[in-house]
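Read the structure below first, then the notes.
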Amino acid sequence: MQDLSFCRNDQRGVVRQKVQREELDCIHNDLLQLFSAAGAPITHIYVCPHESGCECRKPEPGMLLRAAEEHSIDLHASWIVGDSATDIQAAGEQVAGRLFIHNTAVAPSIECPDLKAKDLPDAVKLILEMEGIHAGKKTTNRSQHTLIES
């Protein structure tokens, strides 16, 4: 089983012309390189450059479903990690787990996350514990995909 990680984010600054798509692509390339160098490669970054009203803008599940289709992801064996209510809402009940990162003094009201973490390293640790991966030992009964929100 191959582990895959994805990032999806709303970037209406593109349609508002506050950022050029080329600039955003450079930022995402840097992000991909940083995560890869840290041993946690991201398979693909999905972006919604639209204003509201489209199927891909969070909390709609469009990008999530697109990633599932393009990479043969079993969403019920996947985790969503996010730091906003729309990240968690977009996952609905379609995933194995929803983890909310609350790194601010006042966390917004989030309905039904399965876990809460203070930051991304803490989120990784919690997911690994939930999946029964300790001290480098892997089990066969575990999630195979993680979708990271931003």
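In the structure tokens, the first chain shown is A, the next is B, and so on; residue numbers restart at 1 for each chain, and ligands run from 1 in the order shown.
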> So which residues touch Asp114 in chain A within 10 Å, counting only C-alpha atoms, skipping near sequence neighbours fewer than 4 positions away, as a PyMOL selection string?
Replying inline: chain A and resi 79-80+88+96-100
Can you write out the residues you just picked, keeping N, CA and C atoms, as a JSON list (two decimals), in the first residue's frame?
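The result, stored in again.json:
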[["chain", "number", "residue", "atom", "x", "y", "z"],
["A", 79, "TRP", "N", -7.29, 10.40, 5.90],
["A", 79, "TRP", "CA", -7.43, 11.43, 6.93],
["A", 79, "TRP", "C", -7.46, 12.80, 6.27],
["A", 80, "ILE", "N", -8.25, 13.71, 6.83],
["A", 80, "ILE", "CA", -8.23, 15.12, 6.45],
["A", 80, "ILE", "C", -7.61, 15.87, 7.62],
["A", 88, "ILE", "N", -12.68, 20.89, 7.68],
["A", 88, "ILE", "CA", -13.32, 19.74, 8.33],
["A", 88, "ILE", "C", -14.68, 19.45, 7.69],
["A", 96, "ALA", "N", -11.77, 8.45, 6.94],
["A", 96, "ALA", "CA", -11.53, 7.68, 8.16],
["A", 96, "ALA", "C", -11.41, 8.58, 9.38],
["A", 97, "GLY", "N", -10.80, 9.75, 9.18],
["A", 97, "GLY", "CA", -10.60, 10.65, 10.31],
["A", 97, "GLY", "C", -10.44, 12.09, 9.88],
["A", 98, "ARG", "N", -10.85, 12.98, 10.79],
["A", 98, "ARG", "CA", -10.74, 14.42, 10.57],
["A", 98, "ARG", "C", -9.96, 15.00, 11.73],
["A", 99, "LEU", "N", -8.86, 15.66, 11.40],
["A", 99, "LEU", "CA", -7.99, 16.21, 12.43],
["A", 99, "LEU", "C", -7.92, 17.72, 12.26],
["A", 100, "PHE", "N", -8.26, 18.43, 13.31],
["A", 100, "PHE", "CA", -8.26, 19.88, 13.30],
["A", 100, "PHE", "C", -7.00, 20.40, 13.99]]
Run DSSP on the backbone of this structure and report the residues of range 6-144 of chain A it assigns to strand (DSSP E), as a PDB file with N, CA and C atoms, in the first residue's frame.
ATOM      1  N   PHE A   6      -1.800  14.883  -0.003  1.00  0.00           N
ATOM      2  CA  PHE A   6      -2.261  15.917  -0.914  1.00  0.00           C
ATOM      3  C   PHE A   6      -2.515  17.196  -0.139  1.00  0.00           C
ATOM      4  N   CYS A   7      -2.407  18.296  -0.815  1.00  0.00           N
ATOM      5  CA  CYS A   7      -2.727  19.596  -0.239  1.00  0.00           C
ATOM      6  C   CYS A   7      -3.795  20.215  -1.123  1.00  0.00           C
ATOM      7  N   ARG A   8      -4.804  20.781  -0.520  1.00  0.00           N
ATOM      8  CA  ARG A   8      -5.803  21.497  -1.318  1.00  0.00           C
ATOM      9  C   ARG A   8      -6.084  22.821  -0.634  1.00  0.00           C
ATOM     10  N   ASN A   9      -6.214  23.869  -1.445  1.00  0.00           N
ATOM     11  CA  ASN A   9      -6.449  25.174  -0.859  1.00  0.00           C
ATOM     12  C   ASN A   9      -7.228  26.077  -1.788  1.00  0.00           C
ATOM     13  N   ASP A  10      -7.938  26.995  -1.168  1.00  0.00           N
ATOM     14  CA  ASP A  10      -8.689  28.019  -1.895  1.00  0.00           C
ATOM     15  C   ASP A  10      -7.766  29.213  -2.116  1.00  0.00           C
ATOM     16  N   HIS A  44       0.429  15.832  -4.658  1.00  0.00           N
ATOM     17  CA  HIS A  44      -0.143  16.831  -5.558  1.00  0.00           C
ATOM     18  C   HIS A  44      -0.804  17.933  -4.741  1.00  0.00           C
ATOM     19  N   ILE A  45      -0.788  19.147  -5.272  1.00  0.00           N
ATOM     20  CA  ILE A  45      -1.496  20.267  -4.646  1.00  0.00           C
ATOM     21  C   ILE A  45      -2.675  20.636  -5.540  1.00  0.00           C
ATOM     22  N   TYR A  46      -3.864  20.643  -4.961  1.00  0.00           N
ATOM     23  CA  TYR A  46      -5.076  21.046  -5.672  1.00  0.00           C
ATOM     24  C   TYR A  46      -5.445  22.456  -5.247  1.00  0.00           C
ATOM     25  N   VAL A  47      -5.849  23.279  -6.214  1.00  0.00           N
ATOM     26  CA  VAL A  47      -6.150  24.681  -5.953  1.00  0.00           C
ATOM     27  C   VAL A  47      -7.510  25.046  -6.534  1.00  0.00           C
ATOM     28  N   CYS A  48      -8.286  25.792  -5.764  1.00  0.00           N
ATOM     29  CA  CYS A  48      -9.507  26.407  -6.264  1.00  0.00           C
ATOM     30  C   CYS A  48      -9.225  27.900  -6.396  1.00  0.00           C
ATOM     31  N   SER A  78      -8.773   7.373   4.578  1.00  0.00           N
ATOM     32  CA  SER A  78      -7.975   8.595   4.483  1.00  0.00           C
ATOM     33  C   SER A  78      -8.264   9.541   5.640  1.00  0.00           C
ATOM     34  N   TRP A  79      -7.295  10.403   5.900  1.00  0.00           N
ATOM     35  CA  TRP A  79      -7.433  11.432   6.928  1.00  0.00           C
ATOM     36  C   TRP A  79      -7.461  12.802   6.274  1.00  0.00           C
ATOM     37  N   ILE A  80      -8.247  13.708   6.829  1.00  0.00           N
ATOM     38  CA  ILE A  80      -8.232  15.120   6.455  1.00  0.00           C
ATOM     39  C   ILE A  80      -7.605  15.870   7.623  1.00  0.00           C
ATOM     40  N   VAL A  81      -6.629  16.712   7.312  1.00  0.00           N
ATOM     41  CA  VAL A  81      -5.979  17.553   8.317  1.00  0.00           C
ATOM     42  C   VAL A  81      -6.207  18.993   7.893  1.00  0.00           C
ATOM     43  N   GLY A  82      -6.800  19.798   8.767  1.00  0.00           N
ATOM     44  CA  GLY A  82      -7.076  21.180   8.405  1.00  0.00           C
ATOM     45  C   GLY A  82      -7.095  22.110   9.592  1.00  0.00           C
ATOM     46  N   GLY A  97     -10.797   9.752   9.184  1.00  0.00           N
ATOM     47  CA  GLY A  97     -10.597  10.648  10.311  1.00  0.00           C
ATOM     48  C   GLY A  97     -10.442  12.089   9.885  1.00  0.00           C
ATOM     49  N   ARG A  98     -10.853  12.977  10.793  1.00  0.00           N
ATOM     50  CA  ARG A  98     -10.739  14.419  10.574  1.00  0.00           C
ATOM     51  C   ARG A  98      -9.957  15.003  11.734  1.00  0.00           C
ATOM     52  N   LEU A  99      -8.856  15.659  11.396  1.00  0.00           N
ATOM     53  CA  LEU A  99      -7.993  16.213  12.433  1.00  0.00           C
ATOM     54  C   LEU A  99      -7.919  17.719  12.261  1.00  0.00           C
ATOM     55  N   PHE A 100      -8.261  18.428  13.311  1.00  0.00           N
ATOM     56  CA  PHE A 100      -8.256  19.883  13.302  1.00  0.00           C
ATOM     57  C   PHE A 100      -7.004  20.404  13.991  1.00  0.00           C
ATOM     58  N   ILE A 101      -6.264  21.263  13.297  1.00  0.00           N
ATOM     59  CA  ILE A 101      -5.088  21.914  13.887  1.00  0.00           C
ATOM     60  C   ILE A 101      -5.538  23.266  14.413  1.00  0.00           C
ATOM     61  N   LEU A 115      -9.925  14.298  15.942  1.00  0.00           N
ATOM     62  CA  LEU A 115      -8.767  14.637  16.764  1.00  0.00           C
ATOM     63  C   LEU A 115      -8.458  16.121  16.624  1.00  0.00           C
ATOM     64  N   LYS A 116      -7.747  16.659  17.608  1.00  0.00           N
ATOM     65  CA  LYS A 116      -7.245  18.035  17.536  1.00  0.00           C
ATOM     66  C   LYS A 116      -5.755  18.006  17.814  1.00  0.00           C
ATOM     67  N   ALA A 117      -5.012  18.849  17.101  1.00  0.00           N
ATOM     68  CA  ALA A 117      -3.568  18.933  17.274  1.00  0.00           C
ATOM     69  C   ALA A 117      -3.161  20.392  17.347  1.00  0.00           C
TER      70      ALA A 117
END
> What lies within 12 Å of Arg12 in chain A using only C-alpha atoms, ignoring chain neighbours under 2 positions off, as a list in words?
Replying inline: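 In the requested form, the answer reads Asn9, Asp10, Val14, Val15, Arg16, Gln17, Lys18, Val19, Gln20, Arg21, Leu24, Val47, Cys48, Pro49, His50, Glu51, Ser52, Gly53, Cys54, Cys56, Arg57 and Lys58 of chain A.
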File of the preceding selection, N, CA and C atoms, as a PDB file, in the first residue's frame:
ATOM      1  N   ASN A   9      -6.214  23.869  -1.445  1.00  0.00           N
ATOM      2  CA  ASN A   9      -6.449  25.174  -0.859  1.00  0.00           C
ATOM      3  C   ASN A   9      -7.228  26.077  -1.788  1.00  0.00           C
ATOM      4  N   ASP A  10      -7.938  26.995  -1.168  1.00  0.00           N
ATOM      5  CA  ASP A  10      -8.689  28.019  -1.895  1.00  0.00           C
ATOM      6  C   ASP A  10      -7.766  29.213  -2.116  1.00  0.00           C
ATOM      7  N   VAL A  14      -6.155  34.626  -6.978  1.00  0.00           N
ATOM      8  CA  VAL A  14      -5.825  34.481  -8.400  1.00  0.00           C
ATOM      9  C   VAL A  14      -6.880  35.189  -9.240  1.00  0.00           C
ATOM     10  N   VAL A  15      -8.157  34.903  -8.997  1.00  0.00           N
ATOM     11  CA  VAL A  15      -9.231  35.527  -9.776  1.00  0.00           C
ATOM     12  C   VAL A  15      -9.337  37.023  -9.456  1.00  0.00           C
ATOM     13  N   ARG A  16      -8.965  37.409  -8.266  1.00  0.00           N
ATOM     14  CA  ARG A  16      -8.973  38.827  -7.883  1.00  0.00           C
ATOM     15  C   ARG A  16      -7.706  39.547  -8.340  1.00  0.00           C
ATOM     16  N   GLN A  17      -6.818  38.820  -8.959  1.00  0.00           N
ATOM     17  CA  GLN A  17      -5.545  39.324  -9.491  1.00  0.00           C
ATOM     18  C   GLN A  17      -4.645  39.933  -8.416  1.00  0.00           C
ATOM     19  N   LYS A  18      -4.724  39.388  -7.204  1.00  0.00           N
ATOM     20  CA  LYS A  18      -3.822  39.786  -6.129  1.00  0.00           C
ATOM     21  C   LYS A  18      -2.546  38.968  -6.176  1.00  0.00           C
ATOM     22  N   VAL A  19      -2.632  37.820  -6.831  1.00  0.00           N
ATOM     23  CA  VAL A  19      -1.464  36.964  -7.045  1.00  0.00           C
ATOM     24  C   VAL A  19      -1.608  36.336  -8.436  1.00  0.00           C
ATOM     25  N   GLN A  20      -0.511  36.274  -9.141  1.00  0.00           N
ATOM     26  CA  GLN A  20      -0.509  35.640 -10.457  1.00  0.00           C
ATOM     27  C   GLN A  20      -0.403  34.133 -10.282  1.00  0.00           C
ATOM     28  N   ARG A  21      -0.996  33.383 -11.192  1.00  0.00           N
ATOM     29  CA  ARG A  21      -0.952  31.921 -11.108  1.00  0.00           C
ATOM     30  C   ARG A  21       0.492  31.424 -11.097  1.00  0.00           C
ATOM     31  N   LEU A  24       1.876  31.721  -7.618  1.00  0.00           N
ATOM     32  CA  LEU A  24       1.302  30.669  -6.786  1.00  0.00           C
ATOM     33  C   LEU A  24       1.981  29.331  -7.078  1.00  0.00           C
ATOM     34  N   VAL A  47      -5.849  23.279  -6.214  1.00  0.00           N
ATOM     35  CA  VAL A  47      -6.150  24.681  -5.953  1.00  0.00           C
ATOM     36  C   VAL A  47      -7.510  25.046  -6.534  1.00  0.00           C
ATOM     37  N   CYS A  48      -8.286  25.792  -5.764  1.00  0.00           N
ATOM     38  CA  CYS A  48      -9.507  26.407  -6.264  1.00  0.00           C
ATOM     39  C   CYS A  48      -9.225  27.900  -6.396  1.00  0.00           C
ATOM     40  N   PRO A  49      -9.095  28.414  -7.632  1.00  0.00           N
ATOM     41  CA  PRO A  49      -8.806  29.831  -7.823  1.00  0.00           C
ATOM     42  C   PRO A  49     -10.063  30.692  -7.946  1.00  0.00           C
ATOM     43  N   HIS A  50     -11.237  30.111  -7.700  1.00  0.00           N
ATOM     44  CA  HIS A  50     -12.504  30.794  -7.940  1.00  0.00           C
ATOM     45  C   HIS A  50     -13.020  31.537  -6.723  1.00  0.00           C
ATOM     46  N   GLU A  51     -13.989  32.414  -6.971  1.00  0.00           N
ATOM     47  CA  GLU A  51     -14.766  33.001  -5.887  1.00  0.00           C
ATOM     48  C   GLU A  51     -15.744  31.927  -5.414  1.00  0.00           C
ATOM     49  N   SER A  52     -16.662  32.267  -4.563  1.00  0.00           N
ATOM     50  CA  SER A  52     -17.633  31.292  -4.074  1.00  0.00           C
ATOM     51  C   SER A  52     -18.558  30.838  -5.196  1.00  0.00           C
ATOM     52  N   GLY A  53     -19.232  29.719  -4.954  1.00  0.00           N
ATOM     53  CA  GLY A  53     -20.221  29.231  -5.891  1.00  0.00           C
ATOM     54  C   GLY A  53     -19.758  28.115  -6.801  1.00  0.00           C
ATOM     55  N   CYS A  54     -18.569  27.603  -6.620  1.00  0.00           N
ATOM     56  CA  CYS A  54     -18.116  26.496  -7.460  1.00  0.00           C
ATOM     57  C   CYS A  54     -18.047  25.222  -6.612  1.00  0.00           C
ATOM     58  N   CYS A  56     -15.490  23.239  -6.293  1.00  0.00           N
ATOM     59  CA  CYS A  56     -14.178  22.918  -5.727  1.00  0.00           C
ATOM     60  C   CYS A  56     -13.828  23.786  -4.516  1.00  0.00           C
ATOM     61  N   ARG A  57     -14.534  24.892  -4.323  1.00  0.00           N
ATOM     62  CA  ARG A  57     -14.212  25.770  -3.195  1.00  0.00           C
ATOM     63  C   ARG A  57     -14.720  25.168  -1.887  1.00  0.00           C
ATOM     64  N   LYS A  58     -13.847  25.116  -0.887  1.00  0.00           N
ATOM     65  CA  LYS A  58     -14.251  24.581   0.406  1.00  0.00           C
ATOM     66  C   LYS A  58     -15.374  25.434   0.993  1.00  0.00           C
TER      67      LYS A  58
END
Need to verify the contact set: range 68-75 of chain A, 8 Å, only C-alpha atoms, exclusion of same-chain residues closer than 2 positions in sequence. Can you return it as a PDB file with C-alpha atoms, in the first residue's frame?
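What follows is the written file part_2.pdb:
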ATOM      1  CA  LEU A  64     -11.419  16.071  -2.433  1.00  0.00           C
ATOM      2  CA  LEU A  65     -13.448  14.014  -4.895  1.00  0.00           C
ATOM      3  CA  ARG A  66     -11.136  14.988  -7.765  1.00  0.00           C
ATOM      4  CA  ALA A  77      -9.168   4.968   4.485  1.00  0.00           C
ATOM      5  CA  SER A  78      -7.975   8.595   4.483  1.00  0.00           C
ATOM      6  CA  TRP A  79      -7.433  11.432   6.928  1.00  0.00           C
ATOM      7  CA  GLN A  94     -16.381  10.382   3.735  1.00  0.00           C
ATOM      8  CA  VAL A  95     -13.024   9.896   5.457  1.00  0.00           C
ATOM      9  CA  ALA A  96     -11.528   7.676   8.161  1.00  0.00           C
ATOM     10  CA  HIS A 145      -3.906   8.649   2.269  1.00  0.00           C
TER      11      HIS A 145
END
> Per DSSP on the backbone, what are the helix (DSSP H, G or I) residues of chain A, as a PyMOL selection string?
Replying inline: chain A and resi 21-37+62-71+75-77+85-91+120-130
>> For a test of reading the model, state the distance in Å between CA of Gln89 in chain A and CA of Glu60 in chain A, rounded to one decimal.
In response: 8.1 Å
> Interatomic distance between CA of Leu34 in chain A and CA of Glu131 in chain A?
Replying inline: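 According to the coordinates, CA of Leu34 in chain A and CA of Glu131 in chain A are separated by 24.8 Å.
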> Pick from A:Glu55, A:Asp3, A:Glu22, A:Glu93: nearest to His76 in chain A, with only C-alpha atoms counted?
Replying inline: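 When distances to His76 in chain A are compared using only C-alpha atoms, the smallest one comes from A:Glu93.
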Listing only residues of range 18-77 of chain A within 12 Å of range 120-127 of chain A, what is the closest atom pair and its distance in Å (to one decimal) for each, using only C-alpha atoms, sorted by chain and residue number ascending, as a tab-separated table?
residue	atom	partner	partner_atom	distance
A:Phe35	CA	A:Leu120	CA	11.5
A:Ala38	CA	A:Pro121	CA	11.2
A:Ala40	CA	A:Val124	CA	10.1
Write the residues of the preceding selection, restricted to N, CA and C atoms, as a PDB file, in the first residue's frame.
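See selection.pdb below for the written result:
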ATOM      1  N   PHE A  35       8.571  19.895   1.863  1.00  0.00           N
ATOM      2  CA  PHE A  35       7.983  18.683   2.439  1.00  0.00           C
ATOM      3  C   PHE A  35       8.766  17.446   2.020  1.00  0.00           C
ATOM      4  N   ALA A  38      11.914  17.107   3.922  1.00  0.00           N
ATOM      5  CA  ALA A  38      11.646  16.721   5.313  1.00  0.00           C
ATOM      6  C   ALA A  38      11.189  15.267   5.413  1.00  0.00           C
ATOM      7  N   ALA A  40       8.482  13.981   3.921  1.00  0.00           N
ATOM      8  CA  ALA A  40       7.020  13.881   3.873  1.00  0.00           C
ATOM      9  C   ALA A  40       6.523  14.457   2.555  1.00  0.00           C
TER      10      ALA A  40
END
